[in-house]
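To start, the structure itself, in structure tokens.
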Amino acid sequence: MKIAIAGKRNATENYVRYVTAGGMEPLVTLNSGELADCDGLILPGGGDITPAFFGEKNRGSRNIDTELDVLQFQAFDLFVRNGKPILGICKGMQVVNVGLGGTVIQDLPSAEYHKYQDCDQYHSTIIERGSWLYHLYGPNAVVNSAHHQSIGRPGRGLQIVQHCPKDFCPEAVAHESLPILGVQWHPERLDPKQTTLSGGAVLAYFVSLIVKQRQTAP
């Protein structure tokens with residue numbers, strides 16, 4: 001089973017290790033031909049999305065790479081069209097949201113609570129009952145934060161399934177009918193000294209969607 005990681009090789013080492021540890025074959029690529037041969041797509045973390053993609057001027061976005069944004073949106077569209085599972089992580093969740101017509105809060109008023117400060121920050125979250133994350137972790141989870149943005153208006157069909165109780169920042173999403181997931185935190189680098197969560201559980205669930213999709217594909 002081959003999982004595409006839509007990013008640059010020098011910025012995706014954690015994701016390669018994450019997928020490899022889960023027993024899957026990672027492929028870091030932005031090439032549409034190589035993407036087409038993959039069973040699932042991970043949209044990794046990184047800088048901020050170019051605000052023009054969600055119809056706004058820059059109001060606090062930084063570390064922008066418009067060329068990378070274009071290629072990641074193309075990868076997202078390809079997997080949506082083919083009905084293949086997608087997992088967005090941190091920036092990747094924002095790519096999912098914007099790709100479905102949603103918007104981004106470019107600089108959270110509560111960013112100090114979430115942004116990277118020499119290391120990831122850890123905080124509690126509340127998970128919606130009955131959601132995919134609830135089945136993995138139950139009603140509460142301590143997760144790691146390294147972001148200053150959040151979902152504004154959710155994209156078409158996206159449901160928020162986890163949030164931070166302090167500022168209601170969305171921490172995870174799921175599509176109502178498509179095999180699309182997103183987490184604002186980083187399951188690929190959870191510190192066992194800071195949380196009891198297993199990041200591998202997210203990958204295992206994502207892989208289960210790939211298996212299901214392959215079994216039902218014509």
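Chain identifiers are assigned as A, B, and so on, following the order in which chains appear in the structure tokens; residues are numbered from 1 within each chain, and ligands are numbered from 1 in order of appearance.
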If you count only C-alpha atoms, which residues fall within 10 Å of Ala36 in chain A, apart from same-chain ones fewer than 4 positions away, as a PDB file with N, CA, C and O atoms, in the first residue's frame?
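Result saved to part10.pdb:
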```pdb
ATOM      1  N   ALA A   4       0.891   8.691  -0.619  1.00  0.00           N
ATOM      2  CA  ALA A   4       1.572   9.892  -1.091  1.00  0.00           C
ATOM      3  C   ALA A   4       1.621  10.935   0.017  1.00  0.00           C
ATOM      4  O   ALA A   4       0.649  11.127   0.755  1.00  0.00           O
ATOM      5  N   ASN A  31       4.186  15.187  -8.052  1.00  0.00           N
ATOM      6  CA  ASN A  31       4.020  14.831  -9.457  1.00  0.00           C
ATOM      7  C   ASN A  31       2.692  14.114  -9.650  1.00  0.00           C
ATOM      8  O   ASN A  31       2.428  13.096  -9.012  1.00  0.00           O
ATOM      9  N   SER A  32       1.845  14.626 -10.540  1.00  0.00           N
ATOM     10  CA  SER A  32       0.501  14.072 -10.695  1.00  0.00           C
ATOM     11  C   SER A  32       0.529  12.619 -11.157  1.00  0.00           C
ATOM     12  O   SER A  32      -0.320  11.819 -10.746  1.00  0.00           O
ATOM     13  N   GLY A  40      -3.536   6.517  -0.998  1.00  0.00           N
ATOM     14  CA  GLY A  40      -4.031   7.539  -0.083  1.00  0.00           C
ATOM     15  C   GLY A  40      -3.117   8.739  -0.130  1.00  0.00           C
ATOM     16  O   GLY A  40      -1.978   8.658  -0.611  1.00  0.00           O
ATOM     17  N   ALA A  75      -3.181  18.058  -5.987  1.00  0.00           N
ATOM     18  CA  ALA A  75      -3.163  16.704  -5.427  1.00  0.00           C
ATOM     19  C   ALA A  75      -4.484  16.409  -4.722  1.00  0.00           C
ATOM     20  O   ALA A  75      -5.067  15.325  -4.876  1.00  0.00           O
ATOM     21  N   LEU A  78      -7.220  15.788  -7.270  1.00  0.00           N
ATOM     22  CA  LEU A  78      -7.049  14.492  -7.918  1.00  0.00           C
ATOM     23  C   LEU A  78      -7.604  13.364  -7.059  1.00  0.00           C
ATOM     24  O   LEU A  78      -8.335  12.488  -7.548  1.00  0.00           O
ATOM     25  N   PHE A  79      -7.310  13.394  -5.772  1.00  0.00           N
ATOM     26  CA  PHE A  79      -7.773  12.322  -4.892  1.00  0.00           C
ATOM     27  C   PHE A  79      -9.275  12.426  -4.628  1.00  0.00           C
ATOM     28  O   PHE A  79      -9.950  11.399  -4.487  1.00  0.00           O
ATOM     29  N   ASN A  82     -10.999  10.912  -7.606  1.00  0.00           N
ATOM     30  CA  ASN A  82     -10.861   9.451  -7.653  1.00  0.00           C
ATOM     31  C   ASN A  82     -11.436   8.749  -6.429  1.00  0.00           C
ATOM     32  O   ASN A  82     -11.376   7.519  -6.334  1.00  0.00           O
ATOM     33  N   LYS A  84     -10.384   8.675  -3.413  1.00  0.00           N
ATOM     34  CA  LYS A  84      -9.369   8.053  -2.553  1.00  0.00           C
ATOM     35  C   LYS A  84      -9.208   8.840  -1.251  1.00  0.00           C
ATOM     36  O   LYS A  84      -9.345  10.065  -1.233  1.00  0.00           O
TER      37      LYS A  84
END
```
Exercise for review: Do a neighbour search on range 146-150 of chain A at 12 Å with only C-alpha atoms, toss out local chain neighbours closer than 5 positions, and write the hits as a PyMOL selection string.
Suggested key: chain A and resi 45-49+51+59-63+89-95+97-98+102-123+160+163-164+167-173+182-187+189-190
Write a file of the selected residues as a compact mmCIF listing (two decimals), in the first residue's frame, keeping C-alpha atoms.
```txt
# COMPACT_ATOMS: atom_id res chain seq x y z
CA GLY A 45 2.06 20.61 7.88
CA GLY A 46 4.07 23.62 6.80
CA GLY A 47 3.68 27.37 6.24
CA ASP A 48 0.44 29.24 5.62
CA ILE A 49 -1.78 29.08 2.54
CA PRO A 51 -4.78 34.05 1.31
CA ARG A 59 -3.88 39.61 7.32
CA GLY A 60 -1.16 37.78 9.22
CA SER A 61 -0.31 34.78 7.05
CA ARG A 62 3.40 33.98 6.79
CA ASN A 63 5.89 31.47 5.39
CA ILE A 89 -2.32 17.47 9.09
CA CYS A 90 -1.95 21.04 10.42
CA LYS A 91 -1.57 23.13 7.22
CA GLY A 92 -2.90 20.08 5.42
CA MET A 93 -6.22 20.41 7.26
CA GLN A 94 -6.42 24.00 6.03
CA VAL A 95 -5.72 22.81 2.47
CA ASN A 97 -10.87 23.13 4.15
CA VAL A 98 -9.96 25.71 1.51
CA GLY A 102 -13.80 27.12 3.32
CA THR A 103 -11.85 30.01 4.81
CA VAL A 104 -8.98 30.51 7.26
CA ILE A 105 -8.63 32.72 10.33
CA GLN A 106 -5.21 34.05 9.42
CA ASP A 107 -3.94 34.90 12.90
CA LEU A 108 -5.87 33.65 15.91
CA PRO A 109 -6.38 36.12 18.78
CA SER A 110 -5.48 33.14 20.99
CA ALA A 111 -2.44 32.14 18.92
CA GLU A 112 -0.15 32.25 21.98
CA TYR A 113 -2.00 29.18 23.23
CA HIS A 114 -1.37 27.20 20.06
CA LYS A 115 1.75 28.38 18.25
CA TYR A 116 5.13 26.69 18.24
CA GLN A 117 7.35 28.09 21.01
CA ASP A 118 10.69 26.26 20.80
CA CYS A 119 8.58 23.09 20.90
CA ASP A 120 4.99 21.96 20.41
CA GLN A 121 2.47 23.14 22.99
CA TYR A 122 0.09 20.61 24.52
CA HIS A 123 -3.49 21.30 25.55
CA ILE A 160 -15.79 19.80 13.01
CA HIS A 163 -12.17 21.55 19.37
CA CYS A 164 -10.11 23.32 22.01
CA ASP A 167 -11.09 29.22 22.42
CA PHE A 168 -13.18 26.71 20.40
CA CYS A 169 -10.43 26.41 17.79
CA PRO A 170 -11.32 23.46 15.51
CA GLU A 171 -8.82 20.65 16.04
CA ALA A 172 -10.14 17.96 13.68
CA VAL A 173 -12.61 17.51 10.84
CA GLY A 182 -8.07 16.43 9.01
CA VAL A 183 -6.31 17.19 12.29
CA GLN A 184 -4.88 20.55 13.31
CA TRP A 185 -2.35 18.83 15.56
CA HIS A 186 0.57 16.52 14.74
CA PRO A 187 -0.02 12.79 15.27
CA ARG A 189 5.31 13.60 16.41
CA LEU A 190 3.38 13.22 19.67
```
Exercise for review: Give the alpha helix (DSSP H) residues of range 103-208 of chain A, as DSSP finds them on the backbone, and put them as a list in words.
Suggested key: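 Across range 103-208 of chain A, those assigned alpha helix (DSSP H) are Trp132, Leu133, Tyr134, His135, Leu136, Tyr137, Gly200, Ala201, Val202, Leu203, Ala204, Tyr205, Phe206, Val207 and Ser208 of chain A.
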Limited to C-alpha atoms, could you put the picked residues into a file as a short mmCIF file (atom, residue, chain, number, x, y, z; two decimals), in the first residue's frame?
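again11.cif, written as the output of this step:
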```cif
data_model
loop_
_atom_site.label_atom_id
_atom_site.label_comp_id
_atom_site.auth_asym_id
_atom_site.auth_seq_id
_atom_site.Cartn_x
_atom_site.Cartn_y
_atom_site.Cartn_z
CA TRP A 132 -14.07 8.88 14.08
CA LEU A 133 -11.80 10.43 16.72
CA TYR A 134 -14.23 9.57 19.50
CA HIS A 135 -13.95 5.90 18.53
CA LEU A 136 -10.16 6.21 18.76
CA TYR A 137 -9.70 8.31 21.89
CA GLY A 200 -0.42 5.71 15.13
CA ALA A 201 -4.14 5.29 15.81
CA VAL A 202 -4.91 8.13 13.37
CA LEU A 203 -2.80 6.52 10.67
CA ALA A 204 -4.35 3.11 11.30
CA TYR A 205 -7.84 4.55 10.90
CA PHE A 206 -6.79 6.34 7.72
CA VAL A 207 -5.40 3.07 6.35
CA SER A 208 -8.70 1.36 7.19
#
```
Exercise for review: List the neighbours of Ile86 in chain A out to 7 Å using only C-alpha atoms; skip same-chain residues closer than 5 positions along the sequence, and give me the result as a ChimeraX atom specification.
Suggested key: /A:40-42,179-181
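For the pair CA of Val28 in chain A and CA of Asp77 in chain A, the separation is 17.2 Å.
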Review point. Quick one: distance from CA of Leu71 in chain A to CA of Thr29 in chain A in Å, one decimal?
Key: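 So the two atoms, CA of Leu71 in chain A and CA of Thr29 in chain A, lie 9.8 Å apart.
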Exercise for review: Write out as a list of chain:residue names the residues lying within 8 Å of Val19 in chain A, counting only C-alpha atoms and excluding same-chain residues fewer than 6 positions away.
Suggested key: A:Ile3, A:Glu25, A:Pro26, A:Leu203
Would you put the residues from that selection into a file with N, CA, C and O atoms, as a PDB file, in the first residue's frame?
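Result file follows (out09.pdb):
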```pdb
ATOM      1  N   ILE A   3       1.309   5.380   0.166  1.00  0.00           N
ATOM      2  CA  ILE A   3       0.680   6.616   0.600  1.00  0.00           C
ATOM      3  C   ILE A   3       1.518   7.800   0.133  1.00  0.00           C
ATOM      4  O   ILE A   3       2.711   7.887   0.441  1.00  0.00           O
ATOM      5  N   GLU A  25       4.063   2.158   2.611  1.00  0.00           N
ATOM      6  CA  GLU A  25       5.131   2.696   1.777  1.00  0.00           C
ATOM      7  C   GLU A  25       4.875   4.177   1.511  1.00  0.00           C
ATOM      8  O   GLU A  25       3.895   4.525   0.855  1.00  0.00           O
ATOM      9  N   PRO A  26       5.749   5.072   2.014  1.00  0.00           N
ATOM     10  CA  PRO A  26       5.554   6.499   1.754  1.00  0.00           C
ATOM     11  C   PRO A  26       6.177   6.920   0.427  1.00  0.00           C
ATOM     12  O   PRO A  26       7.203   6.379   0.008  1.00  0.00           O
ATOM     13  N   LEU A 203      -3.250   7.132  11.913  1.00  0.00           N
ATOM     14  CA  LEU A 203      -2.797   6.520  10.668  1.00  0.00           C
ATOM     15  C   LEU A 203      -3.507   5.199  10.418  1.00  0.00           C
ATOM     16  O   LEU A 203      -3.915   4.914   9.278  1.00  0.00           O
TER      17      LEU A 203
END
```
Point to revise | Residue among A:Arg156, A:Gln194, A:Val96, A:Ala174 lying closest to Val142 in chain A, counting only C-alpha atoms | key: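 Smallest separation from Val142 in chain A among the options: A:Gln194.
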Exercise for review: Quick one: pick out all strand (DSSP E or B) residues within range 3-183 of chain A from a backbone DSSP run and write them as a ChimeraX atom specification.
Suggested key: /A:3-5,25-28,40-43,86-89,104-105,121-127,140-145,150-151,158-163,170-175,180-183
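Each of A:Leu197, A:Ile151, A:Leu35, A:Ala217 was checked against Gly101 in chain A using only C-alpha atoms; the smallest atom-to-atom distance is that of A:Ile151.
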Contacts of Ser177 in chain A at 12 Å or less, counting only C-alpha atoms, minus same-chain residues fewer than 4 places along, as a CSV table (one decimal) with C-alpha atoms, in the first residue's frame?
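Ended up saving to selection-v2.csv:
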```csv
chain,number,residue,atom,x,y,z
A,80,VAL,CA,-11.3,13.8,-4.4
A,83,GLY,CA,-12.6,8.9,-4.3
A,85,PRO,CA,-8.8,8.8,1.2
A,156,ARG,CA,-18.6,22.0,1.9
A,157,GLY,CA,-19.4,18.8,3.7
A,158,LEU,CA,-16.8,19.3,6.5
A,159,GLN,CA,-17.8,18.6,10.0
A,181,LEU,CA,-10.0,13.6,7.5
```
Review point. Out of A:Val161, A:Leu30, A:Leu43, A:Val70, which residue has the shortest atom-to-atom distance to Tyr15 in chain A when counting only C-alpha atoms?
Key: A:Leu43
Review point. With only C-alpha atoms as the basis for distance, which of A:Asp191, A:Glu67, A:Asp39, A:Glu56 is at the shortest distance from Leu27 in chain A?
Key: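 Closest candidate: A:Asp39.
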Practice item. May I ask for the distance between CA of Tyr18 in chain A and CA of Gly130 in chain A, given in Å to one decimal place? Key: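 Calculated distance between CA of Tyr18 in chain A and CA of Gly130 in chain A is 26.1 Å.
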